Protein chains: 2
Amino acid sequence: METMLIYDTTLRDGTQGENISFSADEKLAVARRLDEMGVHYVEGGWPGSNPRDMHFFDLAKRETFENTRLAAFGATRRPGVAVEEDANVRALIASGAPAVAIFGKTWRLHVTQIMKNTQEENLAMIRDTVGYLKSCGREVIYDAEHFFDGFRDDEAYALETLRAAATAGADWIVLCDTNGGSMVYDVEAATARIKTFIDELGLAASPGIGIHTHNDSAMAVANAIVAVQAGARMVHGTINGYGERCGNADLTSLIPILKMKMGFDCITDANLAKLKNLSRFVSETANQVPSSNRPFVGRSAFAHKGGIHVNAIMKNPRAYEHTSPDKVGNRRRVLISDLAGKSNVEYKARELGVALDGNGHDSRAIVDRIKALEEKGYQFDVADGSFKILVEKFTAQFRPLFDLESFRVSIEKNKDQPCTAHATIKIGVGASEEITAAEGQGPVSALDNALRKALGRFFPDLDGMRLVDFKVRVIDGREGTEARVRVLIESRDQDEVWSTIGVSEDIIEASWQALADSFQYKLAKIQKARAAAKQQVATG
Amino acid sequence: METMLIYDTTLRDGTQGENISFSADEKLAVARRLDEMGVHYVEGGWPGSNPRDMHFFDLAKRETFENTRLAAFGATRRPGVAVEEDANVRALIASGAPAVAIFGKTWRLHVTQIMKNTQEENLAMIRDTVGYLKSCGREVIYDAEHFFDGFRDDEAYALETLRAAATAGADWIVLCDTNGGSMVYDVEAATARIKTFIDELGLAASPGIGIHTHNDSAMAVANAIVAVQAGARMVHGTINGYGERCGNADLTSLIPILKMKMGFDCITDANLAKLKNLSRFVSETANQVPSSNRPFVGRSAFAHKGGIHVNAIMKNPRAYEHTSPDKVGNRRRVLISDLAGKSNVEYKARELGVALDGNGHDSRAIVDRIKALEEKGYQFDVADGSFKILVEKFTAQFRPLFDLESFRVSIEKNKDQPCTAHATIKIGVGASEEITAAEGQGPVSALDNALRKALGRFFPDLDGMRLVDFKVRVIDGREGTEARVRVLIESRDQDEVWSTIGVSEDIIEASWQALADSFQYKLAKIQKARAAAKQQVATG
């Protein structure tokens, strides 16, 4: 198996993305995870450009990485400045990183129009900087910025810039699609041309070819892959594809493709199975909502909705899965919706531990009921808890552990003072009744507090339950304040997270439905635990 | 310029995506927008699979589309059933759609293992269904499901299935990468092979080749593009790439690439400039947060953060933009720039007719205030009305046309009865006071009705104002029901639409802020009109 080197630039190019930023400590935490993963290179930042990156490299000096070489990023020396005097180049050396990546200009537009430089001086800058860094004992990765644009514009000059880097001793020549506008066919042809060009230079040690792509044309991953086909052996990208504008090539796609589809030796099977966790870790650290449809690692990447599809994967997952989710640490999910068939409901009911009778009658009826409810705006694929209660109701297995007698919520506002809300609630539990009141920040919070207080007398173990997320969506916003509202509530206890749903034209009614389902779900768990404990006492 | 046909399946394959669903009316609204855009085919749904899609096609019968042909989707007839008797095929005809897309099985795994069918009967199903639909006068689009998997597994059988469809008269043979696992090099080679195969059949009317790709390997767009290079002339995809698992090929990337990068005739320049709006319309309708890094149409697609990049694009945007944002209706953004902030505010204030003094002091203060408010969750780029009031407050130009004394909203629920809500409100208008009450569907509706009733005594012209949209978002959902809520209200009168915003931990407080701003905005308009009328009387 041929080796493919993975070069991660989440900590440098990734932070060019809107809303992406890492502290020096966070960078270190990400670098450690990438090292554990077996990523070959981690580009930690641009030490010459900001104090934070400088600080990161200082911290990193005290670390030992098992698998990863740390790389520092910077530019070729400035025009007319001796390379040893260039502050940016000195910062690269001072960073202590064993590998340095420097970018140089390939495209005449940048050389003459943006930098107001001469073509000759640009070549000298590349030659001098690569040569100097090599003489300092660094591994040198030369990023040919705007390579594909430059190559299209003036092939001869673009080749001269690469010749300058290669003859000065660069270990790697990285072809960059900086603006992300290149098409697969262009990238493939140009990379193949460079492979030949470099071979023909006949150097004692030929540099390897790397590929660095951006997603502005939605083909960053494909562009990297065709470059690999044409001879690239180092692939640049970021975790989750974070990066400027539309982002960089996403390593969470590239790694499994290179390994599983193309058979390269890049990371181990065991590490591949940590890919989803790595993706989550980086999105959490960057404070980004993880994209659910991200290939391989997204929450929806192996989620099946259509009834025919679910039926098929129960016979053979290959029918609608291009690879096995557990290989990348992900899992299969079956969604319940009006597109679902009987198989979805049966699969899901089994997962939730609800018995269905075997003749299929129940699941057919449930599908019809679900379809009718989804027509009204319910969405059970995101509300496991309510789905369980629905299935139990339909199979006469639902035992409500409390009944609502009534509630009243009151909200008051005086002049510029903030609103106040309080709720009164009366419930029945078995033969007992309880009436109580509570305040809250807003009507739903007051209702939640009142219900919790009323139930607390009967179920002290309710303490461990918390609402962790509360989402409101207007389903059809075209009718002013009388539009229908969908409320989703996510709740959690020590060992589980569950979601419940409510839909109504009235936000309080919708919230109540979701809230009541959430408590019923939890109380059923408590009840079950109590019964199990009693059983144990009886038989013990 | 050669023509490339765009086939949109947002309304069918798009709805297989997790959390994506459209009512029949919403489908119609999307279809109309696609028609305006000049998309050639719109696949509206699967009439044989659910009542909603059936309903959509009924509604569509009353519509006239200018540019778009409507397509209905379905399967080949069931095994052992005469095609005229097949309920699913009959539903396709009953839909009235001039084009029908039917999928058939290419991959032996599906034929034998999943369907437990014979290879011969599968061929007969394809032949019969295509032939029958042709005899009914439909344009027939044959979707070769799992084409690339089938072709890899058993090339000869895969070709037989295509031969069956082509010889029975299919107008289009669409090669589907159903599982999304195919690599660009495979798709290119296989498509080229099929092009030759179909040409060699020597049919009187050769079917065209279409391509239908999924994004499970992050290369849906690239796969479509290489298929086009190999001869495909119909491209399937969805707006925003919505679809099962990781989604379908994204038309918001494919359309600009086909047109601008490859020079195909597909939609007009004027329509291309509506692409971003179309993308937004579909994400709003599907109730999805628009993905900011989406190529071409995302909010960050032309956003520049790095100082060097910003400096370069000010000299020449091509330096870091692969295409011009205005061609797709998007715009360039420079991130974290106080200068840009100030000019924005001044530009916007001028647009809203609010005077700022010339020394720039006000706009600097407003920028700081806005930054502080946006930090809390306000978003003024979508709330012109509140922005105007904010600017007026800051420049001491705001004259409130009513003052809130107090309100009280009460919500009651008894057992399974729906909630009832009523509101009491007391306001001051000039020297007068008014107290009144009203009911509503939910607390916000009750409050809206009460405020409207109270103001009606002073401003009978308020009648022309209506709330048209009401959106609720939880900004930070990690604190249970006490998460902060953002309410956006859109209001309209005869000649204008305006938006207002409120943010609070209490949904009623947030709604009140947005509601109050909306009425203040409208009353200021009424006041201005009255003053103008008086002026006219005085001078007349």
# chains A, B, ... in the order shown; residues from 1 in each chain; ligands from 1

call {"tool": "residues_around", "arguments": {"residues": "Gly377 (chain A)", "least_positions_apart": "2", "cutoff": "10 Å", "atoms": "only C-alpha atoms", "output": "short mmCIF file (atom, residue, chain, number, x, y, z; two decimals) with N, CA and C atoms, in the first residue's frame"}}
result
data_model
loop_
_atom_site.label_atom_id
_atom_site.label_comp_id
_atom_site.auth_asym_id
_atom_site.auth_seq_id
_atom_site.Cartn_x
_atom_site.Cartn_y
_atom_site.Cartn_z
N LYS A 371 -48.60 10.10 9.43
CA LYS A 371 -48.74 10.91 8.21
C LYS A 371 -49.72 12.05 8.44
N ALA A 372 -50.82 11.74 9.11
CA ALA A 372 -51.82 12.78 9.38
C ALA A 372 -51.24 13.87 10.28
N LEU A 373 -50.49 13.45 11.30
CA LEU A 373 -49.92 14.43 12.22
C LEU A 373 -48.83 15.26 11.54
N GLU A 374 -48.05 14.64 10.68
CA GLU A 374 -46.98 15.40 10.01
C GLU A 374 -47.58 16.42 9.05
N GLU A 375 -48.70 16.08 8.50
CA GLU A 375 -49.44 17.02 7.67
C GLU A 375 -49.73 18.30 8.47
N GLN A 379 -43.20 16.46 13.64
CA GLN A 379 -42.04 15.88 12.97
C GLN A 379 -41.41 14.89 13.93
N PHE A 380 -41.68 13.62 13.69
CA PHE A 380 -41.28 12.63 14.69
C PHE A 380 -39.85 12.15 14.53
N VAL A 474 -41.88 28.53 13.62
CA VAL A 474 -43.18 28.80 13.05
C VAL A 474 -43.26 28.01 11.76
N ILE A 475 -44.28 27.19 11.62
CA ILE A 475 -44.30 26.25 10.51
C ILE A 475 -44.80 26.93 9.26
N ASP A 476 -45.84 27.68 9.41
CA ASP A 476 -46.35 28.39 8.25
C ASP A 476 -46.49 29.82 8.69
N ARG A 484 -48.94 28.53 12.77
CA ARG A 484 -48.76 27.37 13.61
C ARG A 484 -47.32 27.28 14.11
N VAL A 485 -47.16 26.91 15.33
CA VAL A 485 -45.86 26.90 15.97
C VAL A 485 -45.50 25.47 16.36
N ARG A 486 -44.25 25.10 16.12
CA ARG A 486 -43.77 23.79 16.52
C ARG A 486 -42.71 23.97 17.60
N GLY A 502 -44.46 19.49 20.28
CA GLY A 502 -45.83 19.96 20.34
C GLY A 502 -46.10 20.90 19.18
N VAL A 503 -47.31 20.88 18.66
CA VAL A 503 -47.66 21.76 17.54
C VAL A 503 -49.02 22.38 17.82
N SER A 504 -49.10 23.67 17.62
CA SER A 504 -50.38 24.34 17.81
C SER A 504 -50.31 25.74 17.22
N SER B 21 -39.37 19.17 4.77
CA SER B 21 -40.69 18.77 4.31
C SER B 21 -41.45 20.00 3.86
N PHE B 22 -42.30 19.82 2.86
CA PHE B 22 -43.07 20.93 2.30
C PHE B 22 -44.54 20.53 2.27
N SER B 23 -45.42 21.45 2.60
CA SER B 23 -46.85 21.20 2.36
C SER B 23 -47.10 21.33 0.86
#

call {"tool": "residues_around", "arguments": {"residues": "Cys266 (chain B)", "least_positions_apart": "6", "cutoff": "10 Å", "atoms": "only C-alpha atoms", "output": "PyMOL selection string"}}
result
chain B and resi 1-6+38-40+255-256+258-259+272

call {"tool": "residues_around", "arguments": {"residues": "Tyr157 (chain B)", "least_positions_apart": "6", "cutoff": "10 Å", "atoms": "only C-alpha atoms", "output": "ChimeraX atom specification"}}
result
/B:106-108,119,123,150-151,163

call {"tool": "write_last_selection", "arguments": {"atoms": "all heavy atoms", "output": "compact mmCIF listing (two decimals), in the first residue's frame"}}
result
# COMPACT_ATOMS: atom_id res chain seq x y z
N THR B 106 -30.83 -1.32 -11.63
CA THR B 106 -29.67 -1.60 -12.48
C THR B 106 -28.77 -2.64 -11.84
O THR B 106 -28.03 -3.35 -12.50
CB THR B 106 -28.82 -0.31 -12.63
OG1 THR B 106 -29.69 0.81 -12.72
CG2 THR B 106 -27.93 -0.39 -13.85
N TRP B 107 -28.82 -2.66 -10.51
CA TRP B 107 -27.83 -3.41 -9.72
C TRP B 107 -28.43 -4.76 -9.35
O TRP B 107 -29.49 -4.82 -8.72
CB TRP B 107 -27.50 -2.59 -8.49
CG TRP B 107 -26.34 -3.03 -7.66
CD1 TRP B 107 -25.44 -4.03 -7.93
CD2 TRP B 107 -25.94 -2.47 -6.40
NE1 TRP B 107 -24.50 -4.10 -6.92
CE2 TRP B 107 -24.77 -3.17 -5.96
CE3 TRP B 107 -26.43 -1.44 -5.59
CZ2 TRP B 107 -24.12 -2.86 -4.76
CZ3 TRP B 107 -25.78 -1.15 -4.40
CH2 TRP B 107 -24.63 -1.85 -3.99
N ARG B 108 -27.75 -5.82 -9.67
CA ARG B 108 -28.24 -7.17 -9.37
C ARG B 108 -28.53 -7.37 -7.89
O ARG B 108 -29.48 -8.06 -7.53
CB ARG B 108 -27.21 -8.23 -9.81
CG ARG B 108 -27.27 -8.54 -11.30
CD ARG B 108 -26.32 -9.69 -11.58
NE ARG B 108 -25.07 -9.50 -10.82
CZ ARG B 108 -24.16 -10.42 -10.61
NH1 ARG B 108 -24.33 -11.63 -11.09
NH2 ARG B 108 -23.07 -10.15 -9.92
N GLN B 119 -33.79 -11.51 -12.92
CA GLN B 119 -33.19 -10.49 -13.77
C GLN B 119 -34.06 -10.23 -15.00
O GLN B 119 -34.16 -9.11 -15.48
CB GLN B 119 -31.77 -10.91 -14.17
CG GLN B 119 -30.85 -11.04 -12.95
CD GLN B 119 -29.38 -11.23 -13.33
OE1 GLN B 119 -28.96 -10.86 -14.42
NE2 GLN B 119 -28.62 -11.80 -12.42
N LEU B 123 -36.05 -6.67 -16.31
CA LEU B 123 -35.94 -6.05 -17.64
C LEU B 123 -37.33 -5.81 -18.24
O LEU B 123 -37.60 -4.76 -18.83
CB LEU B 123 -35.11 -6.93 -18.58
CG LEU B 123 -33.63 -7.13 -18.18
CD1 LEU B 123 -32.96 -8.12 -19.15
CD2 LEU B 123 -32.87 -5.81 -18.17
N GLY B 150 -24.18 -0.75 -10.00
CA GLY B 150 -24.54 -1.87 -10.86
C GLY B 150 -23.51 -2.09 -11.96
O GLY B 150 -23.12 -3.22 -12.26
N PHE B 151 -23.05 -0.98 -12.53
CA PHE B 151 -22.09 -1.04 -13.63
C PHE B 151 -20.77 -1.64 -13.14
O PHE B 151 -20.15 -2.45 -13.84
CB PHE B 151 -21.88 0.39 -14.16
CG PHE B 151 -21.03 0.48 -15.39
CD1 PHE B 151 -21.57 0.23 -16.65
CD2 PHE B 151 -19.69 0.86 -15.31
CE1 PHE B 151 -20.80 0.34 -17.80
CE2 PHE B 151 -18.91 0.98 -16.45
CZ PHE B 151 -19.46 0.72 -17.69
N ARG B 163 -30.55 -0.78 -22.13
CA ARG B 163 -31.05 -1.13 -23.45
C ARG B 163 -32.58 -1.28 -23.40
O ARG B 163 -33.29 -0.81 -24.29
CB ARG B 163 -30.41 -2.44 -23.94
CG ARG B 163 -30.82 -2.82 -25.38
CD ARG B 163 -30.58 -4.32 -25.68
NE ARG B 163 -29.20 -4.73 -25.42
CZ ARG B 163 -28.21 -4.59 -26.31
NH1 ARG B 163 -28.44 -4.08 -27.50
NH2 ARG B 163 -26.99 -5.00 -26.00

call {"tool": "select_by_dssp", "arguments": {"residues": "region 27-160 of chain A", "states": "helix (DSSP H, G or I)", "output": "count of residues only"}}
result
69

call {"tool": "residues_around", "arguments": {"residues": "His110 (chain A)", "least_positions_apart": "4", "cutoff": "9 Å", "atoms": "only C-alpha atoms", "output": "list in words"}}
result
Lys105, Thr106, Ile114, Met115, Lys116, Asn117 and His146 of chain A; Ala312 and Ala319 of chain B

call {"tool": "closest_residue", "arguments": {"among": "B:Gly131, B:Pro51, B:Pro325, B:Gly74", "to": "Asp13 (chain B)", "atoms": "only C-alpha atoms"}}
result
B:Gly74

call {"tool": "atom_distance", "arguments": {"atom1": "CA of Lys276 (chain B)", "atom2": "CA of Val328 (chain B)"}}
result
6.1 Å

call {"tool": "select_by_dssp", "arguments": {"residues": "region 126-190 of chain A", "states": "strand (DSSP E or B)", "output": "MDAnalysis selection string"}}
result
chainID A and resid 139:145 172:177

call {"tool": "write_last_selection", "arguments": {"atoms": "N, CA and C atoms", "output": "short mmCIF file (atom, residue, chain, number, x, y, z; two decimals), in the first residue's frame"}}
result
data_model
loop_
_atom_site.label_atom_id
_atom_site.label_comp_id
_atom_site.auth_asym_id
_atom_site.auth_seq_id
_atom_site.Cartn_x
_atom_site.Cartn_y
_atom_site.Cartn_z
N GLU A 139 12.31 21.08 7.11
CA GLU A 139 11.60 20.48 5.98
C GLU A 139 10.80 21.61 5.35
N VAL A 140 10.95 21.81 4.04
CA VAL A 140 10.30 22.96 3.41
C VAL A 140 9.17 22.53 2.47
N ILE A 141 8.00 23.06 2.79
CA ILE A 141 6.79 22.80 1.99
C ILE A 141 6.49 24.09 1.26
N TYR A 142 6.61 24.07 -0.05
CA TYR A 142 6.39 25.30 -0.82
C TYR A 142 4.96 25.34 -1.35
N ASP A 143 4.18 26.29 -0.85
CA ASP A 143 2.79 26.45 -1.31
C ASP A 143 2.76 27.39 -2.51
N ALA A 144 2.47 26.85 -3.67
CA ALA A 144 2.37 27.68 -4.87
C ALA A 144 0.98 28.30 -4.89
N GLU A 145 0.87 29.49 -4.32
CA GLU A 145 -0.43 30.16 -4.19
C GLU A 145 -1.00 30.45 -5.57
N TRP A 172 8.57 19.70 -0.75
CA TRP A 172 7.24 19.52 -1.33
C TRP A 172 6.86 20.75 -2.13
N ILE A 173 6.24 20.51 -3.27
CA ILE A 173 5.64 21.59 -4.06
C ILE A 173 4.13 21.38 -3.95
N VAL A 174 3.45 22.33 -3.32
CA VAL A 174 2.01 22.16 -3.11
C VAL A 174 1.24 23.06 -4.08
N LEU A 175 0.41 22.44 -4.89
CA LEU A 175 -0.36 23.19 -5.89
C LEU A 175 -1.64 23.69 -5.21
N CYS A 176 -1.80 25.01 -5.15
CA CYS A 176 -2.94 25.57 -4.41
C CYS A 176 -3.98 26.14 -5.36
N ASP A 177 -5.23 25.75 -5.11
CA ASP A 177 -6.34 26.39 -5.82
C ASP A 177 -6.91 27.43 -4.85
#
